[in-house]
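Structure first, then comments.
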Amino acid sequence: MNIVLLGAPGAGKGTQAQKLVEEFGLVHISTGDLLRAAVKAQSKLGLEAKSYMDAGKLVPDALVINLVKERLMADDAQAGFILDGFPRNTAQAVTLDSELAAMERDLDAALLVDVKPEVIVTRLSSRRTCRSCGYTAPAGVDVCPRCGGEMHQRDDDKPETIQRRLDVYQTQTAPLIEYYRGHSILKEVDGDRPVDEVYADVKALLTA
Ligand code: AP5
């Protein structure tokens, strides 16, 4: 199963991806996690990406596309993947299609986790993320339940940056909903319900 997750920042893409990984053993490729790891490692890519991420803007396509290409070619991605946070604009979507075609692979679904902006602001302001493995949970969880790492608030989860990320989503990423509808692989789920209810629908849609 090869899946793209779509949805605004904080819609719950990472949360649903974590559950899909646990149940189906797919590889979770989150460009946000890959970029944050590069920032932490202070690699050339990380140093270039940091200012864009802190400002809530998209990192330039060339940097992100190379990262995803490399990850898709790895052995563990051959049995199936969940792309979370990529593609983020039409240029990235078109590149993904041609890269997959070159690998003789296809996308099975583009799953939109749909949540209203007012819910997003509350969720992201109270989100905590593991410094070590990227696991996410609501505020109040201080130790990562997955790896024991320290939970902290992401720099881009501050109110002014959240609004910028929502604006970027509306102008650059939301048009991908129509892009994938046009490819007849769009599936939609109402993400404004308890996590397990959302997941029940996600699973039903992806295994139908
Ligand atoms: P990225 O890390 O991809 O962030 P994002 O898309 O903004 O998404 P989030 O990780 O914030 O949200 P999510 O939908 O995964 O929600 P989550 O499950 O955590 O990108 C960060 C930055 O990197 C970008 O701004 C950009 O600079 C750069 N970048 C990344 N990819 C790029 C690309 N392709 N091109 C260019 N630049 C790129 O949930 C949020 C919170 O809500 C959590 O606390 C969770 O516990 C809670 N929650 C989840 N589901 C529910 C529910 N059903 N009910 C109640 N609470 C819930």
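In the structure tokens, chains take letters A, B, ... by order of appearance, with residues numbered from 1 within each chain and ligands from 1 in the order shown.
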Please extract the residues at most 7 Å from ligand 1, counting only C-alpha atoms and all ligand atoms, and provide them as a PDB file with C-alpha atoms, in the first residue's frame, using the chain letters and residue numbers of this document.
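And here is the file that came out, result.pdb:
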```
ATOM      1  CA  GLY A   7      -4.383  17.803   5.501  1.00  0.00           C
ATOM      2  CA  ALA A   8      -3.667  21.106   7.206  1.00  0.00           C
ATOM      3  CA  PRO A   9      -0.917  21.402   9.815  1.00  0.00           C
ATOM      4  CA  GLY A  10      -2.206  19.678  12.950  1.00  0.00           C
ATOM      5  CA  ALA A  11      -5.020  17.832  11.179  1.00  0.00           C
ATOM      6  CA  GLY A  12      -3.695  14.574  12.636  1.00  0.00           C
ATOM      7  CA  LYS A  13      -1.671  13.184   9.704  1.00  0.00           C
ATOM      8  CA  GLY A  14       1.217  12.098  11.934  1.00  0.00           C
ATOM      9  CA  THR A  15      -1.151  10.623  14.523  1.00  0.00           C
ATOM     10  CA  GLN A  16      -2.981   8.506  11.925  1.00  0.00           C
ATOM     11  CA  SER A  30       7.485  12.403   7.102  1.00  0.00           C
ATOM     12  CA  THR A  31       9.330  15.243   5.407  1.00  0.00           C
ATOM     13  CA  GLY A  32       8.831  17.344   8.553  1.00  0.00           C
ATOM     14  CA  ASP A  33      10.576  14.653  10.668  1.00  0.00           C
ATOM     15  CA  LEU A  35      13.933  17.996   7.993  1.00  0.00           C
ATOM     16  CA  TYR A  52      12.089  28.442   6.409  1.00  0.00           C
ATOM     17  CA  MET A  53      10.703  26.036   9.013  1.00  0.00           C
ATOM     18  CA  GLY A  56       6.334  28.501   8.842  1.00  0.00           C
ATOM     19  CA  LYS A  57       7.247  28.682   5.136  1.00  0.00           C
ATOM     20  CA  LEU A  58       7.867  25.773   2.764  1.00  0.00           C
ATOM     21  CA  VAL A  59      11.466  24.647   2.391  1.00  0.00           C
ATOM     22  CA  PRO A  60      12.577  24.973  -1.290  1.00  0.00           C
ATOM     23  CA  ASP A  61      11.339  22.092  -3.469  1.00  0.00           C
ATOM     24  CA  VAL A  64      12.804  18.295  -0.077  1.00  0.00           C
ATOM     25  CA  ASP A  84       3.256  12.518   5.402  1.00  0.00           C
ATOM     26  CA  GLY A  85       3.821  16.189   4.560  1.00  0.00           C
ATOM     27  CA  PHE A  86       4.826  15.509   0.957  1.00  0.00           C
ATOM     28  CA  PRO A  87       3.798  16.577  -1.614  1.00  0.00           C
ATOM     29  CA  ARG A  88       3.109  20.088  -0.382  1.00  0.00           C
ATOM     30  CA  ARG A 123      -4.413  21.401  18.771  1.00  0.00           C
ATOM     31  CA  LEU A 124      -1.055  22.729  17.660  1.00  0.00           C
ATOM     32  CA  SER A 126      -1.027  22.208  22.971  1.00  0.00           C
ATOM     33  CA  ARG A 127       0.978  19.634  20.989  1.00  0.00           C
ATOM     34  CA  ARG A 128       4.173  18.181  22.435  1.00  0.00           C
ATOM     35  CA  THR A 136       3.426  13.482  19.136  1.00  0.00           C
ATOM     36  CA  ALA A 137       0.969  13.785  22.030  1.00  0.00           C
ATOM     37  CA  PRO A 138      -1.152  16.485  23.688  1.00  0.00           C
ATOM     38  CA  ARG A 165       1.505  27.631   8.226  1.00  0.00           C
ATOM     39  CA  GLY A 191     -10.546  14.394  11.356  1.00  0.00           C
ATOM     40  CA  ASP A 192     -12.477  16.368  13.981  1.00  0.00           C
ATOM     41  CA  ARG A 193     -13.434  13.333  16.076  1.00  0.00           C
ATOM     42  CA  PRO A 194     -11.611  11.141  18.625  1.00  0.00           C
ATOM     43  CA  VAL A 195      -8.405   9.622  17.222  1.00  0.00           C
ATOM     44  CA  VAL A 198     -10.941   8.733  12.761  1.00  0.00           C
TER      45      VAL A 198
END
```
List every residue of stretch 72-133 of chain A that DSSP, applied to the backbone, labels as strand (DSSP E or B), and write the result as a PyMOL selection string.
chain A and resi 81-84+109-114+127-130
Filtering to N, CA, C and O atoms, could you give me those residues as a PDB file, in the first residue's frame?
```pdb
ATOM      1  N   PHE A  81       4.569   2.496   1.635  1.00  0.00           N
ATOM      2  CA  PHE A  81       4.962   3.694   2.388  1.00  0.00           C
ATOM      3  C   PHE A  81       3.769   4.606   2.641  1.00  0.00           C
ATOM      4  O   PHE A  81       2.752   4.545   1.939  1.00  0.00           O
ATOM      5  N   ILE A  82       3.936   5.428   3.671  1.00  0.00           N
ATOM      6  CA  ILE A  82       2.997   6.524   3.931  1.00  0.00           C
ATOM      7  C   ILE A  82       3.799   7.809   3.808  1.00  0.00           C
ATOM      8  O   ILE A  82       4.738   8.029   4.585  1.00  0.00           O
ATOM      9  N   LEU A  83       3.467   8.639   2.848  1.00  0.00           N
ATOM     10  CA  LEU A  83       4.125   9.938   2.727  1.00  0.00           C
ATOM     11  C   LEU A  83       3.305  10.952   3.517  1.00  0.00           C
ATOM     12  O   LEU A  83       2.118  11.151   3.249  1.00  0.00           O
ATOM     13  N   ASP A  84       3.936  11.595   4.491  1.00  0.00           N
ATOM     14  CA  ASP A  84       3.256  12.518   5.402  1.00  0.00           C
ATOM     15  C   ASP A  84       3.947  13.885   5.282  1.00  0.00           C
ATOM     16  O   ASP A  84       5.113  14.019   5.643  1.00  0.00           O
ATOM     17  N   ALA A 109      -3.624   5.635  -2.770  1.00  0.00           N
ATOM     18  CA  ALA A 109      -4.611   6.574  -2.233  1.00  0.00           C
ATOM     19  C   ALA A 109      -3.939   7.862  -1.776  1.00  0.00           C
ATOM     20  O   ALA A 109      -2.784   7.853  -1.344  1.00  0.00           O
ATOM     21  N   ALA A 110      -4.698   8.960  -1.890  1.00  0.00           N
ATOM     22  CA  ALA A 110      -4.324  10.225  -1.249  1.00  0.00           C
ATOM     23  C   ALA A 110      -5.430  10.470  -0.230  1.00  0.00           C
ATOM     24  O   ALA A 110      -6.586  10.678  -0.591  1.00  0.00           O
ATOM     25  N   LEU A 111      -5.067  10.376   1.039  1.00  0.00           N
ATOM     26  CA  LEU A 111      -6.066  10.434   2.105  1.00  0.00           C
ATOM     27  C   LEU A 111      -6.059  11.819   2.755  1.00  0.00           C
ATOM     28  O   LEU A 111      -5.050  12.227   3.344  1.00  0.00           O
ATOM     29  N   LEU A 112      -7.183  12.516   2.647  1.00  0.00           N
ATOM     30  CA  LEU A 112      -7.305  13.854   3.239  1.00  0.00           C
ATOM     31  C   LEU A 112      -7.903  13.734   4.636  1.00  0.00           C
ATOM     32  O   LEU A 112      -9.026  13.251   4.804  1.00  0.00           O
ATOM     33  N   VAL A 113      -7.143  14.194   5.645  1.00  0.00           N
ATOM     34  CA  VAL A 113      -7.671  14.287   7.015  1.00  0.00           C
ATOM     35  C   VAL A 113      -8.162  15.722   7.168  1.00  0.00           C
ATOM     36  O   VAL A 113      -7.368  16.666   7.204  1.00  0.00           O
ATOM     37  N   ASP A 114      -9.484  15.870   7.222  1.00  0.00           N
ATOM     38  CA  ASP A 114     -10.098  17.196   7.108  1.00  0.00           C
ATOM     39  C   ASP A 114     -10.480  17.747   8.488  1.00  0.00           C
ATOM     40  O   ASP A 114     -11.254  17.115   9.209  1.00  0.00           O
ATOM     41  N   ARG A 127       0.270  20.861  21.390  1.00  0.00           N
ATOM     42  CA  ARG A 127       0.978  19.634  20.989  1.00  0.00           C
ATOM     43  C   ARG A 127       2.379  19.583  21.605  1.00  0.00           C
ATOM     44  O   ARG A 127       3.088  20.574  21.657  1.00  0.00           O
ATOM     45  N   ARG A 128       2.795  18.414  22.012  1.00  0.00           N
ATOM     46  CA  ARG A 128       4.173  18.181  22.435  1.00  0.00           C
ATOM     47  C   ARG A 128       4.757  17.080  21.546  1.00  0.00           C
ATOM     48  O   ARG A 128       4.062  16.147  21.157  1.00  0.00           O
ATOM     49  N   THR A 129       6.048  17.229  21.214  1.00  0.00           N
ATOM     50  CA  THR A 129       6.708  16.323  20.261  1.00  0.00           C
ATOM     51  C   THR A 129       7.980  15.766  20.897  1.00  0.00           C
ATOM     52  O   THR A 129       8.703  16.514  21.569  1.00  0.00           O
ATOM     53  N   CYS A 130       8.264  14.493  20.664  1.00  0.00           N
ATOM     54  CA  CYS A 130       9.474  13.888  21.240  1.00  0.00           C
ATOM     55  C   CYS A 130      10.716  14.402  20.509  1.00  0.00           C
ATOM     56  O   CYS A 130      10.788  14.355  19.286  1.00  0.00           O
TER      57      CYS A 130
END
```
Can you list every residue in stretch 79-202 of chain A that DSSP puts in alpha helix (DSSP H), as a ChimeraX atom specification?
/A:90-102,117-125,159-168,175-182,195-202
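Excluding A:Leu176 and any residue on its chain fewer than 5 positions from it, the residues at most 8 Å away by only C-alpha atoms are Arg88, Asn89, Thr90 and Ala93 of chain A.
Close contacts of A:Lys50, defined as residues with an atom at most 10 Å away when counting only C-alpha atoms, with chain neighbours fewer than 5 positions off set aside, comprise Leu35, Arg36, Ala38, Val39, Lys40, Gln42, Leu45, Ala55, Gly56 and Val59 of chain A.
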Compile the contact shell of A:Gly80 as a ChimeraX atom specification: residues with an atom at most 6 Å away, counting only C-alpha atoms, same-chain residues fewer than 4 positions apart removed.
/A:1-2,26
Please produce an output containing N, CA and C atoms for each residue in the selection, written as a short mmCIF file (atom, residue, chain, number, x, y, z; two decimals), in the first residue's frame.
```cif
data_model
loop_
_atom_site.label_atom_id
_atom_site.label_comp_id
_atom_site.auth_asym_id
_atom_site.auth_seq_id
_atom_site.Cartn_x
_atom_site.Cartn_y
_atom_site.Cartn_z
N MET A 1 0.85 -1.19 0.00
CA MET A 1 0.00 0.00 0.00
C MET A 1 0.90 1.26 0.00
N ASN A 2 0.69 2.13 -0.98
CA ASN A 2 1.46 3.37 -1.06
C ASN A 2 0.49 4.55 -0.91
N LEU A 26 3.79 -0.33 7.46
CA LEU A 26 4.26 0.51 6.35
C LEU A 26 5.38 1.43 6.85
#
```
Contact residues around A:Ser125 with only C-alpha atoms at 7 Å, ignoring same-chain residues under 6 positions, as a short mmCIF file (atom, residue, chain, number, x, y, z; two decimals) with N, CA and C atoms, in the first residue's frame:
```
data_model
loop_
_atom_site.label_atom_id
_atom_site.label_comp_id
_atom_site.auth_asym_id
_atom_site.auth_seq_id
_atom_site.Cartn_x
_atom_site.Cartn_y
_atom_site.Cartn_z
N ASP A 157 5.25 25.63 16.52
CA ASP A 157 3.92 25.48 17.12
C ASP A 157 3.58 26.67 18.01
N LYS A 158 4.24 27.81 17.79
CA LYS A 158 3.89 29.06 18.49
C LYS A 158 2.79 29.74 17.65
N PRO A 159 1.85 30.49 18.33
CA PRO A 159 0.65 31.00 17.63
C PRO A 159 0.92 31.75 16.32
#
```
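Compared by their closest atoms to A:Lys187, and using only C-alpha atoms, the residues A:Gln172, A:Ala101, A:Asp108, A:Gln153 rank with A:Asp108 nearest.
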Which residue of A:Val27, A:Val168, A:Ala204, A:Ile65 approaches A:Ser98 most closely, using only C-alpha atoms:
A:Ile65
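For A:Asp201, the residues within 10 Å (counting only C-alpha atoms, excluding itself and residues fewer than 6 positions away along the chain) are Glu188, Val189, Asp190, Gly191 and Thr207 of chain A.
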Output C-alpha atoms for every residue in the selection just made, as a JSON list (two decimals), in the first residue's frame.
```json
[["chain", "number", "residue", "atom", "x", "y", "z"],
["A", 188, "GLU", "CA", -11.58, 11.92, 2.69],
["A", 189, "VAL", "CA", -12.06, 11.48, 6.41],
["A", 190, "ASP", "CA", -13.52, 13.88, 9.01],
["A", 191, "GLY", "CA", -10.55, 14.39, 11.36],
["A", 207, "THR", "CA", -8.73, -1.48, 2.88]]
```
